[in-house]
Each structure stands twice: as C-alpha cells, then as structure tokens.
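This is start18.cif. It holds mmCIF, C-alpha atoms and all ligand atoms.
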```
data_data
#
loop_
_atom_site.label_atom_id
_atom_site.label_comp_id
_atom_site.auth_asym_id
_atom_site.auth_seq_id
_atom_site.Cartn_x
_atom_site.Cartn_y
_atom_site.Cartn_z
CA MET A 20 305.52 135.37 93.97
CA MET A 21 305.28 134.88 90.22
CA LEU A 22 301.77 134.38 88.91
CA ARG A 23 300.39 133.66 85.46
CA ILE A 24 296.97 135.18 84.84
CA PRO A 25 295.32 133.67 81.74
CA GLN A 26 293.12 135.48 79.21
CA VAL A 27 293.29 139.02 80.51
CA LEU A 28 292.29 140.07 76.97
CA ASN A 29 289.82 138.14 74.79
CA GLU A 30 290.21 137.19 71.12
CA GLN A 31 288.31 140.21 69.85
CA GLN A 32 290.42 142.62 71.90
CA LEU A 33 293.62 140.87 70.77
CA GLY A 34 292.56 141.28 67.14
CA GLU A 35 291.98 145.01 67.65
CA PHE A 36 295.33 145.38 69.44
CA ARG A 37 297.16 143.61 66.60
CA GLN A 38 295.62 145.78 63.96
CA ILE A 39 296.72 148.95 65.73
CA LEU A 40 300.13 147.74 66.94
CA LEU A 41 301.26 146.29 63.61
CA GLN A 42 300.75 149.69 61.96
CA ALA A 43 302.06 151.84 64.81
CA ARG A 44 305.16 154.03 64.67
CA TRP A 45 307.68 152.30 66.92
CA MET A 46 310.74 154.09 68.29
CA ASP A 47 314.06 152.97 69.79
CA GLY A 48 313.36 151.73 73.33
CA ARG A 49 316.72 153.01 74.58
CA ALA A 50 315.21 156.51 74.69
CA THR A 51 313.45 155.65 77.97
CA ALA A 52 316.14 153.47 79.58
CA GLY A 53 318.05 154.52 82.69
CA HIS A 54 321.85 154.82 82.49
CA GLN A 55 322.42 151.19 83.52
CA ALA A 56 319.59 149.65 81.47
CA VAL A 57 320.64 151.48 78.31
CA GLN A 58 323.73 149.25 78.13
CA VAL A 59 321.62 146.08 77.80
CA LYS A 60 318.32 147.29 76.31
CA ASP A 61 317.68 146.75 72.60
CA ASN A 62 314.03 146.89 71.57
CA LEU A 63 311.32 149.10 70.12
CA GLN A 64 308.71 150.94 72.12
CA LEU A 65 305.64 153.01 71.38
CA PRO A 66 305.97 156.65 72.47
CA VAL A 67 304.03 156.91 75.77
CA ASP A 68 302.09 159.96 74.57
CA LEU A 69 300.92 158.29 71.34
CA PRO A 70 297.05 158.38 71.36
CA GLU A 71 296.85 154.72 70.24
CA ALA A 72 299.12 153.65 73.10
CA LYS A 73 297.01 155.57 75.60
CA SER A 74 293.72 154.10 74.42
CA LEU A 75 295.04 150.51 74.31
CA GLY A 76 296.49 151.08 77.78
CA GLN A 77 293.04 152.08 79.02
CA VAL A 78 291.54 148.86 77.62
CA ILE A 79 294.14 146.87 79.60
CA LEU A 80 293.56 148.82 82.83
CA HIS A 81 289.80 148.32 82.47
CA ALA A 82 290.27 144.56 81.95
CA LEU A 83 292.54 144.34 85.03
CA GLU A 84 290.04 146.13 87.27
CA ARG A 85 287.50 143.41 86.48
CA ASN A 86 289.94 140.51 86.84
CA PRO A 87 289.48 139.07 90.38
CA VAL A 88 292.73 137.06 90.29
CA PHE A 89 294.78 140.13 89.35
CA VAL A 90 293.12 142.27 92.02
CA SER A 91 293.64 139.62 94.72
CA ALA A 92 297.27 138.96 93.75
CA ALA A 93 298.43 142.54 93.16
CA LEU A 94 296.19 144.46 95.61
CA PRO A 95 296.85 147.45 93.36
CA LYS A 96 297.05 150.94 94.77
CA ARG A 97 298.25 152.60 91.58
CA ILE A 98 299.07 151.21 88.14
CA LEU A 99 301.25 153.13 85.73
CA ALA A 100 299.83 153.47 82.20
CA PRO A 101 300.81 150.33 80.24
CA ARG A 102 303.61 150.69 77.69
CA PHE A 103 304.20 148.60 74.60
CA ASN A 104 307.37 147.00 73.27
CA CYS A 105 308.43 144.97 70.28
CA TYR A 106 311.48 142.72 69.84
CA GLN A 107 312.54 141.49 66.40
CA GLY A 108 315.67 140.85 64.32
CA GLY A 109 317.73 139.51 67.24
CA GLN A 110 316.72 142.22 69.71
CA SER A 111 316.90 141.45 73.44
CA TYR A 112 316.98 143.07 76.87
CA GLY A 113 319.87 141.86 79.02
CA LEU A 114 319.75 141.14 82.75
CA HIS A 115 318.52 144.14 84.78
CA VAL A 116 316.32 145.25 87.67
CA ASP A 117 313.56 147.79 86.95
CA ASN A 118 313.81 151.25 88.51
CA ALA A 119 312.35 151.41 92.03
CA VAL A 120 310.38 154.54 91.18
CA SER A 121 308.85 155.11 87.79
CA GLY A 122 306.52 157.56 86.08
CA GLU A 123 306.01 159.96 83.23
CA ALA A 124 308.04 163.15 83.06
CA GLY A 125 306.10 165.72 85.09
CA GLY A 126 303.36 163.15 85.80
CA GLU A 127 302.48 160.59 88.43
CA ARG A 128 305.33 158.60 89.98
CA ILE A 129 304.85 155.28 91.69
CA ARG A 130 306.96 152.87 93.72
CA THR A 131 307.28 149.78 91.52
CA ASP A 132 306.34 146.79 93.71
CA LEU A 133 305.23 144.51 90.87
CA SER A 134 306.13 144.20 87.20
CA ALA A 135 303.69 142.81 84.66
CA THR A 136 304.08 141.64 81.07
CA LEU A 137 301.00 141.02 78.94
CA PHE A 138 301.83 138.94 75.86
CA LEU A 139 300.16 140.21 72.67
CA THR A 140 301.66 137.88 70.04
CA ALA A 141 301.36 134.09 70.15
CA PRO A 142 304.45 131.98 71.08
CA GLN A 143 304.52 130.28 67.67
CA GLU A 144 304.81 133.67 65.92
CA TYR A 145 308.39 134.19 67.10
CA GLU A 146 311.53 132.31 68.03
CA GLY A 147 313.21 133.12 71.37
CA GLY A 148 311.89 136.11 73.33
CA GLU A 149 311.47 134.24 76.63
CA LEU A 150 311.22 136.42 79.73
CA LEU A 151 313.67 134.97 82.27
CA VAL A 152 312.99 135.96 85.86
CA GLU A 153 315.44 135.07 88.62
CA ASP A 154 314.37 134.45 92.18
CA THR A 155 315.70 132.47 95.11
CA TYR A 156 314.38 129.27 93.49
CA GLY A 157 316.38 129.86 90.31
CA SER A 158 315.58 131.16 86.85
CA HIS A 159 312.03 130.93 85.43
CA SER A 160 311.39 131.02 81.68
CA VAL A 161 308.11 132.63 80.64
CA LYS A 162 306.59 132.65 77.15
CA LEU A 163 302.80 132.80 77.25
CA PRO A 164 299.86 132.66 74.85
CA ALA A 165 298.62 136.02 73.54
CA GLY A 166 296.30 137.62 76.11
CA ASP A 167 298.00 136.04 79.14
CA LEU A 168 299.83 138.07 81.78
CA ILE A 169 302.77 137.33 84.06
CA LEU A 170 303.03 139.17 87.37
CA TYR A 171 306.35 139.14 89.26
CA PRO A 172 308.15 141.16 91.94
CA ALA A 173 309.74 144.27 90.41
CA SER A 174 312.76 143.60 92.61
CA SER A 175 313.64 140.52 90.49
CA LEU A 176 316.56 140.37 88.10
CA HIS A 177 315.11 139.61 84.67
CA GLN A 178 315.90 139.61 80.96
CA VAL A 179 314.28 139.07 77.57
CA MET A 180 316.11 136.57 75.35
CA PRO A 181 316.92 137.48 71.73
CA VAL A 182 314.04 137.22 69.25
CA THR A 183 315.60 135.49 66.25
CA ARG A 184 312.48 135.09 64.08
CA GLY A 185 309.19 137.03 63.89
CA ALA A 186 308.17 139.75 66.33
CA ARG A 187 307.35 139.61 70.03
CA ILE A 188 304.90 142.36 70.96
CA ALA A 189 303.88 142.87 74.58
CA ALA A 190 302.48 145.40 76.99
CA PHE A 191 304.37 145.97 80.23
CA PHE A 192 303.60 148.04 83.28
CA TRP A 193 304.32 148.52 86.98
CA ILE A 194 302.07 148.38 89.97
CA GLN A 195 302.34 150.00 93.37
CA SER A 196 300.56 147.62 95.73
CA MET A 197 298.64 148.47 98.89
CA VAL A 198 300.86 145.79 100.46
CA ARG A 199 304.49 146.61 99.78
CA ASP A 200 306.06 143.40 101.04
CA ASP A 201 305.99 140.49 98.59
CA GLY A 202 305.84 137.86 101.38
CA GLU A 203 302.84 139.50 103.07
CA ARG A 204 301.10 140.01 99.73
CA THR A 205 301.66 136.35 98.81
CA LEU A 206 300.18 135.15 102.14
CA LEU A 207 297.12 137.33 101.59
CA PHE A 208 296.64 135.94 98.08
CA GLN A 209 296.93 132.34 99.32
CA LEU A 210 294.52 133.01 102.17
CA ASP A 211 292.01 134.71 99.87
CA SER A 212 292.22 131.86 97.34
CA SER A 213 291.74 129.24 100.08
CA ALA A 214 288.75 131.07 101.58
CA GLN A 215 287.13 131.31 98.15
CA GLN A 216 287.72 127.61 97.47
CA LEU A 217 286.17 126.73 100.84
CA THR A 218 283.14 128.87 100.02
CA ARG A 219 282.75 127.05 96.70
CA GLU A 220 282.98 123.67 98.42
CA GLN A 221 280.81 124.39 101.48
CA GLY A 222 278.46 127.11 100.27
CA ALA A 223 278.28 130.82 101.09
CA GLY A 224 276.98 130.19 104.63
CA SER A 225 280.06 128.25 105.80
CA ALA A 226 281.12 129.44 109.26
CA VAL A 227 284.79 128.52 108.66
CA ALA A 228 284.84 130.43 105.36
CA THR A 229 283.41 133.45 107.15
CA GLN A 230 286.10 133.20 109.85
CA LEU A 231 288.84 132.92 107.23
CA GLY A 232 287.40 135.93 105.41
CA GLY A 233 287.56 137.84 108.68
CA ILE A 234 291.20 136.89 109.22
CA TYR A 235 291.99 137.97 105.64
CA HIS A 236 290.50 141.41 106.15
CA ASN A 237 292.12 141.86 109.55
CA LEU A 238 295.55 141.03 108.10
CA LEU A 239 294.88 143.38 105.18
CA ARG A 240 293.89 146.09 107.69
CA ARG A 241 297.23 145.53 109.44
CA TRP A 242 299.39 145.60 106.31
CA ALA A 243 297.64 147.82 103.74
CA GLU A 244 298.69 151.38 102.96
CA VAL A 245 295.93 153.21 101.13
NI NI A 301 312.56 145.21 83.09
#
```

Take the structure I supplied and represent it as structure tokens, if you would.
Ligand code: NI
Amino acid sequence: MMLRIPQVLNEQQLGEFRQILLQARWMDGRATAGHQAVQVKDNLQLPVDLPEAKSLGQVILHALERNPVFVSAALPKRILAPRFNCYQGGQSYGLHVDNAVSGEAGGERIRTDLSATLFLTAPQEYEGGELLVEDTYGSHSVKLPAGDLILYPASSLHQVMPVTRGARIAAFFWIQSMVRDDGERTLLFQLDSSAQQLTREQGAGSAVATQLGGIYHNLLRRWAEV
C-alpha cells in the first residue's frame, strides 16, 4: 500500500528545517550507496552523524509518534534515524530497490519493510524530482507539498526523476513494522480506519464498533512480532 500522510510537519517546523538545511554541509550521496545503487545514484546527502541532521531527525520521529495515521498504517516496530537528501542541477536517482537490511555502521540494523519520503521543499520550488514508485498497478508519480509524507513498501522499485531547476530537499527513512507482510498490514489499516469511522458516525458506545475493534486487535495479536 502507498499512503500519503499530509502535514507531518507544521509551517513553523518547516521554516526551522529550511534555515538549517539550506546552510548545511552536503556531501556526495554515493558515499552511502550499495554497489548496485551507486551506478544510478546522483544526489547530495547530509552526513548521518552531523548534529543538525540528528536533531532534525528527532523532530521528525517525535512528530511521527504522535501522528495516528502513520502509526496505524506503519505499525512501526523500529524506525531508522531519518536521513536528508538534496537533488539539484539535473541530479536524479535511477530505478532501484532499497537494501533489505539497513543501519548505521556499528549501530542498530533493521529489516526495511516500509520506505518513507518527507518532502521539505514545495513542488513549485523545483522542476522534476518526482518520486516514481512501481507496483502491480503500474507506476505512481509522487510530488507532495512541503511537510507531507509518502509511505510505500520498501520492496518497490522506485526512482527520483532529474531535478532540472531549483532544489528538492527531503528526509527519507525506513521502518521495520510489527507486521512484516504488506497485505496483512494493509488489511489492518483498512479495518482500523473503518472501525474509527463507525465510531465517529455511531458514537463511542456502538456495539458493532466495539466488535470490529476486537477483531482488529485479535488479528494484530495473530500477525504482530514485537
Ligand atoms: Ni530508494
């Protein structure tokens, strides 16, 4: 399942991010690419151990923890510290699949079930730079307002189209989910969303909503690894 989650960061946070990111020391993104990705990767990244990158990453993680749609859709077990990239001057990232296991050297490693991109510059600030994600329904083009996030299965083939004007700055990160299988996770998200909608329509005391909530938790009990 691909899911757009709007306004993960607010205007004030975006302003603070811009101020820091526009002055940051970017490095060649190929330094962290695997041997296949290095052939197609052409962008800039912030060094993962840069204090500014770490503190902005914490702001994102904190915002995600309090975002009910993200929590319901991702059912996160572990989230790798967000990283930051910048594409400009024709830079792009050709078609690839993310590594199945990712982490910092000598640090925590996670199985990458979900990939996330959080857009930090507005679509009108740059030309190109669409994230294209392939699934069984075809290719999906994603270019979102600043502050919005796209969540998609890390198993997907994807690419970032060349940025021919301006700069596209984004945060990206991987999530290990409590529910490894994308199909099971999608069913749980749909069930949770439906139960919540029913509660809104019928009130908190609705017997059917309570039953659906019970089914949700019993499926989660069956499928979750914690
Ligand atoms: Ni990727």

* Asked: Which residue, A:Leu176, A:Val152, A:Ile234, A:Ile98, has the smallest gap to A:Arg130 when you use all atoms listed in the file?
  ->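 Of A:Leu176, A:Val152, A:Ile234, A:Ile98, the one nearest A:Arg130, counting all atoms listed in the file, is A:Ile98.
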
* To do: Write out as a ChimeraX atom specification each polymer residue (protein, DNA or RNA) that has an atom no more than 12 Å from ligand NI 301 (chain A), with only C-alpha atoms and all ligand atoms counted.
  => /A:48,51-53,55-57,59-62,102,104,111-119,121,131,133-136,150-153,171-179,190-193

* To do: In Å, rounded to a single decimal, give me how far atom CA of A:Pro25 is from atom CA of A:Arg85.
  => 13.4 Å

* Between atom CA of A:Thr183 and atom CA of A:Ala100, distance in Å (one decimal) -> 28.7 Å

Please, which residues in stretch 147-219 of chain A fall within 12 Å of stretch 139-142 of chain A when counting all atoms listed in the file, and what is the closest atom pair and distance in Å to one decimal for each, ordered by chain then residue number, as a tab-separated table?
```
residue	atom	partner	partner_atom	distance
A:Gly147	CA	A:Pro142	CA	8.8
A:Gly148	CA	A:Pro142	CA	8.8
A:Glu149	CA	A:Pro142	CA	9.2
A:Leu150	CA	A:Pro142	CA	11.8
A:Val161	CA	A:Pro142	CA	10.3
A:Lys162	CA	A:Pro142	CA	6.5
A:Leu163	CA	A:Pro142	CA	6.4
A:Pro164	CA	A:Ala141	CA	5.1
A:Ala165	CA	A:Leu139	CA	4.5
A:Gly166	CA	A:Leu139	CA	5.8
A:Asp167	CA	A:Leu139	CA	8.0
A:Leu168	CA	A:Leu139	CA	9.4
A:Val182	CA	A:Pro142	CA	11.1
A:Arg184	CA	A:Pro142	CA	11.1
A:Gly185	CA	A:Thr140	CA	9.8
A:Ala186	CA	A:Thr140	CA	7.7
A:Arg187	CA	A:Thr140	CA	5.9
A:Ile188	CA	A:Leu139	CA	5.5
A:Ala189	CA	A:Leu139	CA	5.0
A:Ala190	CA	A:Leu139	CA	7.1
A:Phe191	CA	A:Leu139	CA	10.4
```

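Near stretch 238-243 of chain A, within 9 Å and counting all atoms listed in the file, sit A:Leu94, A:Ser196, A:Met197, A:Val198, A:Arg199, A:Asp200, A:Glu203, A:Arg204, A:Leu207, A:Gly233, not including residues fewer than 5 positions from it in the same chain.
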
* Computed interatomic separation between atom CA of A:Gly125 and atom CA of A:Ala50 (Å) ->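 Going from atom CA of A:Gly125 over to atom CA of A:Ala50 covers 16.6 Å.
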
Report as a short mmCIF file (atom, residue, chain, number, x, y, z; two decimals) with C-alpha atoms, in the frame of the given file all protein, DNA and RNA residues lying within 10 Å of A:Leu63, evaluated on all atoms listed in the file, omitting residues in the same chain fewer than 4 positions from it.
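Written file, out26.cif:
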```cif
data_model
loop_
_atom_site.label_atom_id
_atom_site.label_comp_id
_atom_site.auth_asym_id
_atom_site.auth_seq_id
_atom_site.Cartn_x
_atom_site.Cartn_y
_atom_site.Cartn_z
CA ARG A 44 305.16 154.03 64.67
CA TRP A 45 307.68 152.30 66.92
CA MET A 46 310.74 154.09 68.29
CA ASP A 47 314.06 152.97 69.79
CA GLY A 48 313.36 151.73 73.33
CA ARG A 49 316.72 153.01 74.58
CA ALA A 50 315.21 156.51 74.69
CA PHE A 103 304.20 148.60 74.60
CA ASN A 104 307.37 147.00 73.27
CA CYS A 105 308.43 144.97 70.28
CA TYR A 106 311.48 142.72 69.84
CA GLN A 107 312.54 141.49 66.40
CA GLN A 110 316.72 142.22 69.71
CA ILE A 188 304.90 142.36 70.96
#
```

* **Which of A:Val27, A:Met20, A:Gly157, A:Gly76 sits closest to A:Leu40 [using only C-alpha atoms]** => A:Gly76

* Nearest residue to A:Leu99 from the set A:Gln77, A:Gln26, A:Ser213, A:Gln143 (distances using all atoms listed in the file) ->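 The closest residue to A:Leu99 is A:Gln77.
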
* **A:His54, A:Glu84, A:Pro101, A:Ala92 ranked by distance to A:Glu71, top pick (using all atoms listed in the file)** =>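 For A:Glu71, the nearest of the given residues is A:Pro101.
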
* **Counting only C-alpha atoms, the option among A:Leu75, A:Gln42, A:Asp68, A:Leu170 closest to A:Ile24** =>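 Ranked by minimum distance to A:Ile24, first place goes to A:Leu170.
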
* Counting all atoms listed in the file, figure out which residue out of A:Thr218, A:Ser212, A:Gln230, A:Asn237 gets nearest to A:Val90. =>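 Of A:Thr218, A:Ser212, A:Gln230, A:Asn237, the one nearest A:Val90 is A:Ser212, counting all atoms listed in the file.
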